[in-house]
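Below is query_10.pdb, holding PDB, C-alpha atoms.
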ATOM      1  CA  MET Y   5       0.000   0.000   0.000
ATOM      2  CA  GLU Y   6       1.362   3.357  -0.930
ATOM      3  CA  MET Y   7       1.534   6.034   1.713
ATOM      4  CA  GLN Y   8       0.180   9.366   0.679
ATOM      5  CA  THR Y   9       1.252  12.617   2.194
ATOM      6  CA  ALA Y  10      -1.432  14.637   3.871
ATOM      7  CA  ASN Y  11      -1.382  17.266   1.149
ATOM      8  CA  SER Y  12      -1.885  14.919  -1.776
ATOM      9  CA  ASP Y  13      -5.340  14.035  -0.566
ATOM     10  CA  PRO Y  14      -7.846  16.527   0.797
ATOM     11  CA  MET Y  15      -9.631  13.965   2.971
ATOM     12  CA  GLY Y  16      -6.338  12.857   4.482
ATOM     13  CA  SER Y  17      -5.200  16.358   5.296
ATOM     14  CA  ALA Y  18      -8.600  17.075   6.805
ATOM     15  CA  PHE Y  19      -8.261  14.102   9.130
ATOM     16  CA  PHE Y  20      -4.740  15.154   9.977
ATOM     17  CA  ALA Y  21      -5.982  18.659  10.753
ATOM     18  CA  LEU Y  22      -8.685  17.207  12.964
ATOM     19  CA  SER Y  23      -6.261  14.990  14.866
ATOM     20  CA  ASP Y  24      -5.237  17.861  17.136
ATOM     21  CA  PRO Y  25      -7.431  18.953  20.072
ATOM     22  CA  THR Y  26      -6.488  22.640  19.760
ATOM     23  CA  ARG Y  27      -7.518  22.677  16.123
ATOM     24  CA  ARG Y  28     -10.758  20.878  16.899
ATOM     25  CA  ALA Y  29     -11.488  23.465  19.589
ATOM     26  CA  MET Y  30     -10.776  26.237  17.092
ATOM     27  CA  LEU Y  31     -13.177  24.690  14.609
ATOM     28  CA  ALA Y  32     -15.812  24.346  17.307
ATOM     29  CA  ARG Y  33     -15.394  28.054  18.045
ATOM     30  CA  LEU Y  34     -15.664  28.923  14.341
ATOM     31  CA  ALA Y  35     -18.784  26.799  14.079
ATOM     32  CA  GLN Y  36     -20.462  29.463  16.204
ATOM     33  CA  GLY Y  37     -19.473  32.179  13.781
ATOM     34  CA  GLU Y  38     -16.444  33.805  12.196
ATOM     35  CA  ALA Y  39     -13.624  34.957  14.459
ATOM     36  CA  THR Y  40     -10.408  36.937  14.291
ATOM     37  CA  VAL Y  41      -7.036  35.481  15.217
ATOM     38  CA  SER Y  42      -7.064  37.221  18.586
ATOM     39  CA  GLU Y  43     -10.539  35.900  19.317
ATOM     40  CA  LEU Y  44      -9.365  32.419  18.400
ATOM     41  CA  MET Y  45      -6.304  32.798  20.607
ATOM     42  CA  ALA Y  46      -8.247  33.908  23.669
ATOM     43  CA  PRO Y  47      -9.136  30.471  25.171
ATOM     44  CA  PHE Y  48      -5.608  29.080  24.745
ATOM     45  CA  ALA Y  49      -2.356  29.731  26.548
ATOM     46  CA  LEU Y  50      -0.550  29.606  23.231
ATOM     47  CA  SER Y  51       1.633  32.095  21.382
ATOM     48  CA  GLN Y  52       0.397  33.780  18.228
ATOM     49  CA  PRO Y  53       2.912  31.916  16.005
ATOM     50  CA  THR Y  54       1.602  28.621  17.362
ATOM     51  CA  ILE Y  55      -1.986  29.675  16.757
ATOM     52  CA  SER Y  56      -1.065  30.822  13.250
ATOM     53  CA  LYS Y  57       0.548  27.464  12.568
ATOM     54  CA  HIS Y  58      -2.652  25.685  13.583
ATOM     55  CA  LEU Y  59      -4.690  28.008  11.391
ATOM     56  CA  LYS Y  60      -2.417  27.276   8.456
ATOM     57  CA  VAL Y  61      -2.968  23.542   8.871
ATOM     58  CA  LEU Y  62      -6.738  24.094   8.937
ATOM     59  CA  GLU Y  63      -6.578  26.341   5.875
ATOM     60  CA  LYS Y  64      -4.431  23.900   3.934
ATOM     61  CA  ALA Y  65      -6.900  21.144   4.731
ATOM     62  CA  GLY Y  66      -9.645  23.340   3.301
ATOM     63  CA  LEU Y  67     -11.538  23.356   6.577
ATOM     64  CA  ILE Y  68     -11.476  27.113   7.081
ATOM     65  CA  VAL Y  69     -11.275  30.118   4.790
ATOM     66  CA  GLY Y  70     -10.265  33.741   5.162
ATOM     67  CA  GLY Y  71      -7.132  35.111   6.692
ATOM     68  CA  ARG Y  72      -4.372  34.945   4.067
ATOM     69  CA  ASP Y  73      -1.929  37.701   5.012
ATOM     70  CA  ALA Y  74      -3.993  40.096   7.070
ATOM     71  CA  GLN Y  75      -4.037  39.021  10.722
ATOM     72  CA  ARG Y  76      -7.287  40.832  11.444
ATOM     73  CA  ARG Y  77      -9.247  39.252   8.675
ATOM     74  CA  PRO Y  78     -11.733  36.920  10.335
ATOM     75  CA  ARG Y  79     -11.642  33.198   9.678
ATOM     76  CA  ARG Y  80     -14.712  31.146   9.042
ATOM     77  CA  LEU Y  81     -15.555  27.511   8.462
ATOM     78  CA  ALA Y  82     -15.658  25.993   5.017
ATOM     79  CA  PRO Y  83     -18.726  23.823   5.546
ATOM     80  CA  GLU Y  84     -18.284  21.799   2.353
ATOM     81  CA  ALA Y  85     -15.076  20.226   3.593
ATOM     82  CA  LEU Y  86     -16.678  19.041   6.792
ATOM     83  CA  LYS Y  87     -19.685  17.788   4.903
ATOM     84  CA  ASP Y  88     -17.422  15.447   2.917
ATOM     85  CA  ILE Y  89     -15.988  14.067   6.124
ATOM     86  CA  SER Y  90     -19.398  13.781   7.667
ATOM     87  CA  GLU Y  91     -20.722  11.782   4.711
ATOM     88  CA  TRP Y  92     -17.675   9.565   4.775
ATOM     89  CA  ILE Y  93     -18.113   8.875   8.485
ATOM     90  CA  GLU Y  94     -21.757   8.060   7.946
ATOM     91  CA  ARG Y  95     -20.797   5.436   5.411
ATOM     92  CA  PHE Y  96     -18.606   3.748   7.966
ATOM     93  CA  ARG Y  97     -21.044   4.009  10.763
ATOM     94  CA  ASN Y  98     -23.627   2.475   8.465
ATOM     95  CA  GLN Y  99     -21.274  -0.292   7.461
ATOM     96  CA  TRP Y 100     -20.643  -1.401  11.044
ATOM     97  CA  GLU Y 101     -24.202  -0.724  12.099
ATOM     98  CA  GLY Y 102     -25.350  -3.002   9.270
ATOM     99  CA  ARG Y 103     -22.850  -5.674  10.142
ATOM    100  CA  LEU Y 104     -23.732  -5.702  13.834
ATOM    101  CA  ASN Y 105     -27.443  -5.666  13.068
ATOM    102  CA  ASN Y 106     -26.802  -8.770  10.964
ATOM    103  CA  LEU Y 107     -24.949 -10.346  13.864
ATOM    104  CA  ASP Y 108     -27.787  -9.506  16.227
ATOM    105  CA  ALA Y 109     -30.342 -11.081  13.888
ATOM    106  CA  HIS Y 110     -28.123 -14.100  13.365
ATOM    107  CA  LEU Y 111     -27.759 -14.644  17.122
ATOM    108  CA  ALA Y 112     -31.506 -14.326  17.613
ATOM    109  CA  ALA Y 113     -32.265 -16.784  14.793
ATOM    110  CA  GLN Y 114     -29.813 -19.279  16.257
ATOM    111  CA  ARG Y 115     -31.422 -19.124  19.654
ATOM    112  CA  GLN Y 116     -34.840 -19.800  18.175
ATOM    113  CA  LYS Y 117     -33.505 -22.960  16.581
ATOM    114  CA  GLU Y 118     -32.246 -24.211  19.931
ATOM    115  CA  PRO Y 119     -34.566 -26.581  21.845
TER     116      PRO Y 119
ATOM    117  CA  MET A   9     -19.440  26.235  25.311
ATOM    118  CA  PRO A  10     -21.343  25.400  22.146
ATOM    119  CA  PRO A  11     -24.988  24.474  22.502
ATOM    120  CA  VAL A  12     -26.001  20.856  22.937
ATOM    121  CA  LEU A  13     -27.184  19.539  19.613
ATOM    122  CA  GLU A  14     -29.601  16.861  18.690
ATOM    123  CA  LYS A  15     -28.004  13.613  17.759
ATOM    124  CA  THR A  16     -29.470  10.558  16.138
ATOM    125  CA  PRO A  17     -29.499   7.764  18.690
ATOM    126  CA  ALA A  18     -26.961   5.078  17.871
ATOM    127  CA  ALA A  19     -27.218   1.531  19.116
ATOM    128  CA  MET A  20     -23.512   1.275  18.669
ATOM    129  CA  GLY A  21     -20.884   3.334  20.452
ATOM    130  CA  LEU A  22     -18.056   4.493  18.248
ATOM    131  CA  THR A  23     -14.992   6.290  19.557
ATOM    132  CA  ILE A  24     -11.451   7.014  18.521
ATOM    133  CA  ASP A  25      -8.738   7.215  21.139
ATOM    134  CA  ARG A  26      -6.090   9.252  19.439
ATOM    135  CA  GLN A  27      -3.597   8.649  22.256
ATOM    136  CA  THR A  28      -3.524   4.915  21.614
ATOM    137  CA  HIS A  29      -4.548   5.160  17.932
ATOM    138  CA  THR A  30      -7.446   2.882  18.684
ATOM    139  CA  ILE A  31     -10.912   2.812  17.179
ATOM    140  CA  ARG A  32     -13.465   1.258  19.470
ATOM    141  CA  LEU A  33     -16.979   0.012  18.727
ATOM    142  CA  VAL A  34     -19.206  -1.115  21.559
ATOM    143  CA  ARG A  35     -22.526  -2.879  21.392
ATOM    144  CA  ASP A  36     -24.717  -4.919  23.733
ATOM    145  CA  PHE A  37     -26.256  -8.226  22.721
ATOM    146  CA  SER A  38     -28.882 -10.444  24.297
ATOM    147  CA  ALA A  39     -26.765 -13.553  23.921
ATOM    148  CA  PRO A  40     -24.132 -15.360  25.959
ATOM    149  CA  ARG A  41     -20.443 -14.665  25.267
ATOM    150  CA  ALA A  42     -19.777 -18.172  23.944
ATOM    151  CA  GLN A  43     -22.427 -17.783  21.259
ATOM    152  CA  ILE A  44     -20.972 -14.494  20.083
ATOM    153  CA  PHE A  45     -17.446 -15.892  20.151
ATOM    154  CA  GLU A  46     -18.605 -18.720  17.885
ATOM    155  CA  ALA A  47     -20.337 -16.269  15.580
ATOM    156  CA  TRP A  48     -16.926 -14.619  15.109
ATOM    157  CA  THR A  49     -14.933 -17.800  14.648
ATOM    158  CA  GLN A  50     -17.028 -20.342  12.742
ATOM    159  CA  PRO A  51     -16.906 -19.803   8.966
ATOM    160  CA  ASP A  52     -20.518 -20.779   8.307
ATOM    161  CA  GLN A  53     -21.600 -18.207  10.904
ATOM    162  CA  VAL A  54     -19.281 -15.349   9.909
ATOM    163  CA  ALA A  55     -20.451 -15.860   6.326
ATOM    164  CA  VAL A  56     -23.984 -15.026   7.384
ATOM    165  CA  TRP A  57     -23.428 -11.683   9.097
ATOM    166  CA  TRP A  58     -20.121 -10.136   8.032
ATOM    167  CA  ASP A  59     -21.276  -8.360   4.881
ATOM    168  CA  PRO A  60     -23.152  -5.174   5.837
ATOM    169  CA  ALA A  61     -25.157  -5.583   2.629
ATOM    170  CA  GLY A  62     -26.726  -8.668   4.196
ATOM    171  CA  LEU A  63     -25.461 -11.053   1.518
ATOM    172  CA  ARG A  64     -23.753 -14.295   2.413
ATOM    173  CA  LEU A  65     -19.982 -14.109   1.957
ATOM    174  CA  ALA A  66     -18.697 -15.557  -1.317
ATOM    175  CA  ALA A  67     -15.860 -17.165   0.632
ATOM    176  CA  CYS A  68     -14.988 -17.409   4.302
ATOM    177  CA  ASP A  69     -11.817 -19.229   5.321
ATOM    178  CA  ILE A  70     -10.845 -19.532   8.968
ATOM    179  CA  ASP A  71      -7.823 -21.337  10.376
ATOM    180  CA  LEU A  72      -8.571 -20.832  14.039
ATOM    181  CA  ARG A  73      -5.246 -21.113  15.853
ATOM    182  CA  PRO A  74      -2.591 -18.580  16.821
ATOM    183  CA  GLY A  75      -0.729 -17.815  13.610
ATOM    184  CA  GLY A  76      -3.591 -19.186  11.515
ATOM    185  CA  GLY A  77      -5.092 -17.029   8.789
ATOM    186  CA  PHE A  78      -8.568 -15.881   7.851
ATOM    187  CA  LYS A  79     -10.098 -14.432   4.720
ATOM    188  CA  PHE A  80     -13.589 -12.995   4.287
ATOM    189  CA  VAL A  81     -14.687 -12.303   0.716
ATOM    190  CA  SER A  82     -17.947 -10.504   0.031
ATOM    191  CA  GLN A  83     -20.055 -10.948  -3.087
ATOM    192  CA  GLY A  84     -20.133  -7.216  -3.762
ATOM    193  CA  HIS A  85     -16.374  -6.615  -3.465
ATOM    194  CA  PRO A  86     -14.573  -9.869  -4.258
ATOM    195  CA  ASP A  87     -11.402  -7.837  -4.907
ATOM    196  CA  MET A  88     -11.424  -6.342  -1.414
ATOM    197  CA  ALA A  89     -11.150  -9.353   0.862
ATOM    198  CA  PHE A  90     -10.731  -8.803   4.582
ATOM    199  CA  SER A  91      -7.868 -11.048   5.593
ATOM    200  CA  GLY A  92      -5.438 -11.414   8.469
ATOM    201  CA  THR A  93      -3.867 -13.656  11.074
ATOM    202  CA  TYR A  94      -5.136 -14.782  14.458
ATOM    203  CA  LEU A  95      -2.920 -13.870  17.397
ATOM    204  CA  GLU A  96      -4.919 -15.009  20.407
ATOM    205  CA  ILE A  97      -7.938 -17.245  20.726
ATOM    206  CA  ALA A  98      -9.402 -17.224  24.219
ATOM    207  CA  PRO A  99     -13.069 -18.218  24.185
ATOM    208  CA  PRO A 100     -15.430 -16.881  25.319
ATOM    209  CA  ASP A 101     -13.755 -13.583  26.271
ATOM    210  CA  ARG A 102     -11.188 -12.568  23.765
ATOM    211  CA  LEU A 103     -10.198 -12.895  20.127
ATOM    212  CA  VAL A 104      -7.156 -11.019  18.847
ATOM    213  CA  PHE A 105      -6.018 -10.783  15.253
ATOM    214  CA  GLU A 106      -3.828  -8.782  12.950
ATOM    215  CA  ALA A 107      -5.284  -7.359   9.760
ATOM    216  CA  MET A 108      -4.137  -4.597   7.411
ATOM    217  CA  GLY A 109      -1.280  -3.746   9.757
ATOM    218  CA  ALA A 110      -3.623  -3.108  12.677
ATOM    219  CA  THR A 111      -4.407  -5.229  15.717
ATOM    220  CA  GLY A 112      -8.049  -6.189  16.096
ATOM    221  CA  ARG A 113      -9.549  -7.277  19.394
ATOM    222  CA  VAL A 114     -12.984  -8.641  20.073
ATOM    223  CA  LEU A 115     -13.625  -8.367  23.799
ATOM    224  CA  LEU A 116     -16.688  -9.968  25.324
ATOM    225  CA  GLU A 117     -17.903  -9.420  28.834
ATOM    226  CA  GLY A 118     -21.162  -9.947  30.637
ATOM    227  CA  SER A 119     -23.191 -12.550  32.436
ATOM    228  CA  ALA A 120     -25.639 -15.230  31.338
ATOM    229  CA  ASP A 121     -27.553 -13.892  28.343
ATOM    230  CA  GLN A 122     -26.263 -10.319  28.247
ATOM    231  CA  THR A 123     -22.981  -9.508  26.585
ATOM    232  CA  ARG A 124     -21.175  -6.258  25.958
ATOM    233  CA  MET A 125     -18.980  -6.595  22.933
ATOM    234  CA  ALA A 126     -16.126  -4.215  22.217
ATOM    235  CA  VAL A 127     -14.303  -4.337  18.903
ATOM    236  CA  GLU A 128     -10.998  -2.498  19.026
ATOM    237  CA  ILE A 129      -8.847  -1.672  16.057
ATOM    238  CA  GLN A 130      -5.459  -0.486  17.203
ATOM    239  CA  CYS A 131      -3.259   1.166  14.599
ATOM    240  CA  ARG A 132       0.522   1.434  14.781
ATOM    241  CA  GLY A 133       0.541   5.209  15.128
ATOM    242  CA  ALA A 134      -1.247   8.446  14.380
ATOM    243  CA  GLU A 135      -0.275   8.329  10.720
ATOM    244  CA  HIS A 136      -1.441   4.773  10.364
ATOM    245  CA  LEU A 137      -4.743   5.677  11.973
ATOM    246  CA  GLU A 138      -5.227   8.458   9.430
ATOM    247  CA  GLN A 139      -4.332   6.129   6.625
ATOM    248  CA  PHE A 140      -6.811   3.643   8.001
ATOM    249  CA  LEU A 141      -9.526   6.257   8.250
ATOM    250  CA  LYS A 142      -8.763   7.535   4.802
ATOM    251  CA  MET A 143      -8.877   4.120   3.200
ATOM    252  CA  GLY A 144     -12.240   3.679   4.702
ATOM    253  CA  VAL A 145     -11.515   0.516   6.595
ATOM    254  CA  ASP A 146     -14.367  -0.360   8.882
ATOM    255  CA  ILE A 147     -14.198   2.685  11.039
ATOM    256  CA  GLY A 148     -16.037   5.658  12.335
ATOM    257  CA  THR A 149     -14.834   8.585  14.266
ATOM    258  CA  ALA A 150     -14.575  10.430  17.489
ATOM    259  CA  GLN A 151     -17.467  12.025  19.275
ATOM    260  CA  THR A 152     -15.661  15.334  18.974
ATOM    261  CA  LEU A 153     -15.765  15.140  15.236
ATOM    262  CA  ASP A 154     -19.402  14.106  15.230
ATOM    263  CA  ASN A 155     -20.216  17.112  17.352
ATOM    264  CA  LEU A 156     -18.181  19.308  15.102
ATOM    265  CA  VAL A 157     -20.058  18.158  12.057
ATOM    266  CA  ALA A 158     -23.308  18.750  13.923
ATOM    267  CA  TYR A 159     -22.171  22.282  14.782
ATOM    268  CA  VAL A 160     -21.522  22.941  11.138
ATOM    269  CA  GLY A 161     -24.942  21.627  10.250
ATOM    270  CA  ALA A 162     -26.466  23.908  12.864
ATOM    271  CA  SER A 163     -24.483  26.950  11.791
ATOM    272  CA  GLU A 164     -25.491  26.430   8.188
ATOM    273  CA  LYS A 165     -29.135  26.529   9.124
ATOM    274  CA  ALA A 166     -28.654  29.674  11.198
TER     275      ALA A 166
END
What does the file become when written as structure tokens?
Amino acid sequence: MEMQTANSDPMGSAFFALSDPTRRAMLARLAQGEATVSELMAPFALSQPTISKHLKVLEKAGLIVGGRDAQRRPRRLAPEALKDISEWIERFRNQWEGRLNNLDAHLAAQRQKEP
Amino acid sequence: MPPVLEKTPAAMGLTIDRQTHTIRLVRDFSAPRAQIFEAWTQPDQVAVWWDPAGLRLAACDIDLRPGGGFKFVSQGHPDMAFSGTYLEIAPPDRLVFEAMGATGRVLLEGSADQTRMAVEIQCRGAEHLEQFLKMGVDIGTAQTLDNLVAYVGASEKA
């Protein structure tokens, strides 16, 4: 199996971006509405360069938009990117849900056969 | 704190522990552990339930001993067999196997006719977990992410 770098695949870089709790918290904040860098920094005891680095990862993954060079420009969520992930997750949830429903039914059928 | 959002009730718990790179599914069954263990380890039983599409597996080979292999082939995706090697066979509590570079564990606990089954898929590291998620191998995601997606849904409506 070939390993892909995060950047070669948008879904992969999105999952990478979401693997960090600070970035997830930032996204949760942005889900409530757009925010400036200083607003995003407020809940964290992190330096601005660190915050900017996190924002860059989120931007590269296509999860947020805005920003570019101007620090004051507010960031906001790019809902489409999260929708892709959400649909993908649903597929998996459905896959296992289906499988375990089958198992449940199989177990029940077996027990009915028993004397 | 963001508002509490409505969530569809799930019969199955699905979490990702990013510290241990482990995906965990939990579900309760009204059946004894031994019956569930057999459902996981007897080919004619696995063949009945493994395919989420509800179709009987086209092939199901099980060599149930440590170091023995298994291969589940669905009718819909004969080119994408699920195969691996058994590491530990401890009925009725525990079945451990290796598949696609990850360690799988089926853990059964309970009493009499009630069993809580946990299926754990432990990846080698964070990168492997991402790869796993990306490939779409039998996984879901963390509650955090679910909530996040729900937030986005809510903010879009607003």
inquiry  = Going by the chain IDs and residue numbers used in this file, which residues fall under the PyMOL selection byres ((chain A and resi 102-114) around 10)? Write them as a ChimeraX atom specification.
reply    = /Y:5 /A:29-34,41,44-45,48-49,74-79,90-101,115-117,125-133,136-137,140,145
Would you output that residue set with C-alpha atoms, as a PDB file, keeping the file's coordinate frame?
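The result, written out as result.pdb:
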ATOM      1  CA  MET Y   5       0.000   0.000   0.000  1.00  0.00           C
TER       2      MET Y   5
ATOM      3  CA  HIS A  29      -4.548   5.160  17.932  1.00  0.00           C
ATOM      4  CA  THR A  30      -7.446   2.882  18.684  1.00  0.00           C
ATOM      5  CA  ILE A  31     -10.912   2.812  17.179  1.00  0.00           C
ATOM      6  CA  ARG A  32     -13.465   1.258  19.470  1.00  0.00           C
ATOM      7  CA  LEU A  33     -16.979   0.012  18.727  1.00  0.00           C
ATOM      8  CA  VAL A  34     -19.206  -1.115  21.559  1.00  0.00           C
ATOM      9  CA  ARG A  41     -20.443 -14.665  25.267  1.00  0.00           C
ATOM     10  CA  ILE A  44     -20.972 -14.494  20.083  1.00  0.00           C
ATOM     11  CA  PHE A  45     -17.446 -15.892  20.151  1.00  0.00           C
ATOM     12  CA  TRP A  48     -16.926 -14.619  15.109  1.00  0.00           C
ATOM     13  CA  THR A  49     -14.933 -17.800  14.648  1.00  0.00           C
ATOM     14  CA  PRO A  74      -2.591 -18.580  16.821  1.00  0.00           C
ATOM     15  CA  GLY A  75      -0.729 -17.815  13.610  1.00  0.00           C
ATOM     16  CA  GLY A  76      -3.591 -19.186  11.515  1.00  0.00           C
ATOM     17  CA  GLY A  77      -5.092 -17.029   8.789  1.00  0.00           C
ATOM     18  CA  PHE A  78      -8.568 -15.881   7.851  1.00  0.00           C
ATOM     19  CA  LYS A  79     -10.098 -14.432   4.720  1.00  0.00           C
ATOM     20  CA  PHE A  90     -10.731  -8.803   4.582  1.00  0.00           C
ATOM     21  CA  SER A  91      -7.868 -11.048   5.593  1.00  0.00           C
ATOM     22  CA  GLY A  92      -5.438 -11.414   8.469  1.00  0.00           C
ATOM     23  CA  THR A  93      -3.867 -13.656  11.074  1.00  0.00           C
ATOM     24  CA  TYR A  94      -5.136 -14.782  14.458  1.00  0.00           C
ATOM     25  CA  LEU A  95      -2.920 -13.870  17.397  1.00  0.00           C
ATOM     26  CA  GLU A  96      -4.919 -15.009  20.407  1.00  0.00           C
ATOM     27  CA  ILE A  97      -7.938 -17.245  20.726  1.00  0.00           C
ATOM     28  CA  ALA A  98      -9.402 -17.224  24.219  1.00  0.00           C
ATOM     29  CA  PRO A  99     -13.069 -18.218  24.185  1.00  0.00           C
ATOM     30  CA  PRO A 100     -15.430 -16.881  25.319  1.00  0.00           C
ATOM     31  CA  ASP A 101     -13.755 -13.583  26.271  1.00  0.00           C
ATOM     32  CA  LEU A 115     -13.625  -8.367  23.799  1.00  0.00           C
ATOM     33  CA  LEU A 116     -16.688  -9.968  25.324  1.00  0.00           C
ATOM     34  CA  GLU A 117     -17.903  -9.420  28.834  1.00  0.00           C
ATOM     35  CA  MET A 125     -18.980  -6.595  22.933  1.00  0.00           C
ATOM     36  CA  ALA A 126     -16.126  -4.215  22.217  1.00  0.00           C
ATOM     37  CA  VAL A 127     -14.303  -4.337  18.903  1.00  0.00           C
ATOM     38  CA  GLU A 128     -10.998  -2.498  19.026  1.00  0.00           C
ATOM     39  CA  ILE A 129      -8.847  -1.672  16.057  1.00  0.00           C
ATOM     40  CA  GLN A 130      -5.459  -0.486  17.203  1.00  0.00           C
ATOM     41  CA  CYS A 131      -3.259   1.166  14.599  1.00  0.00           C
ATOM     42  CA  ARG A 132       0.522   1.434  14.781  1.00  0.00           C
ATOM     43  CA  GLY A 133       0.541   5.209  15.128  1.00  0.00           C
ATOM     44  CA  HIS A 136      -1.441   4.773  10.364  1.00  0.00           C
ATOM     45  CA  LEU A 137      -4.743   5.677  11.973  1.00  0.00           C
ATOM     46  CA  PHE A 140      -6.811   3.643   8.001  1.00  0.00           C
ATOM     47  CA  VAL A 145     -11.515   0.516   6.595  1.00  0.00           C
TER      48      VAL A 145
END
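Proximity of Y:Lys60, Y:Arg28, Y:Arg103, Y:Arg115 to chain A, computed with all atoms listed in the file, is greatest for Y:Arg103.
Of the listed residues Y:Ile68, Y:Ala21, Y:Leu59, Y:Met30, the one whose atoms come nearest to Y:Ala46 is Y:Met30, with distances taken using only C-alpha atoms.
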Surrounding residues of Y:Leu107 excluding itself and chain neighbours under 5 positions, 12 Å, all atoms listed in the file, as a PyMOL selection string = (chain Y and resi 100-102+112-114) or (chain A and resi 35-39+43-48+53-60+62+125)
query = stretch 81-85 of chain Y: which residues within 8 Å, counting only C-alpha atoms, same-chain residues fewer than 5 positions away excluded, as a list in words?
reply = Ala18, Leu31, Leu34, Ala35, Glu38, Gly66, Leu67, Ile68 and Val69 of chain Y; Val160 and Glu164 of chain A
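Nearest to chain Y of all the residues A:Ala66, A:Ala42, A:Ala61, A:Thr28 is A:Ala61, based on only C-alpha atoms.
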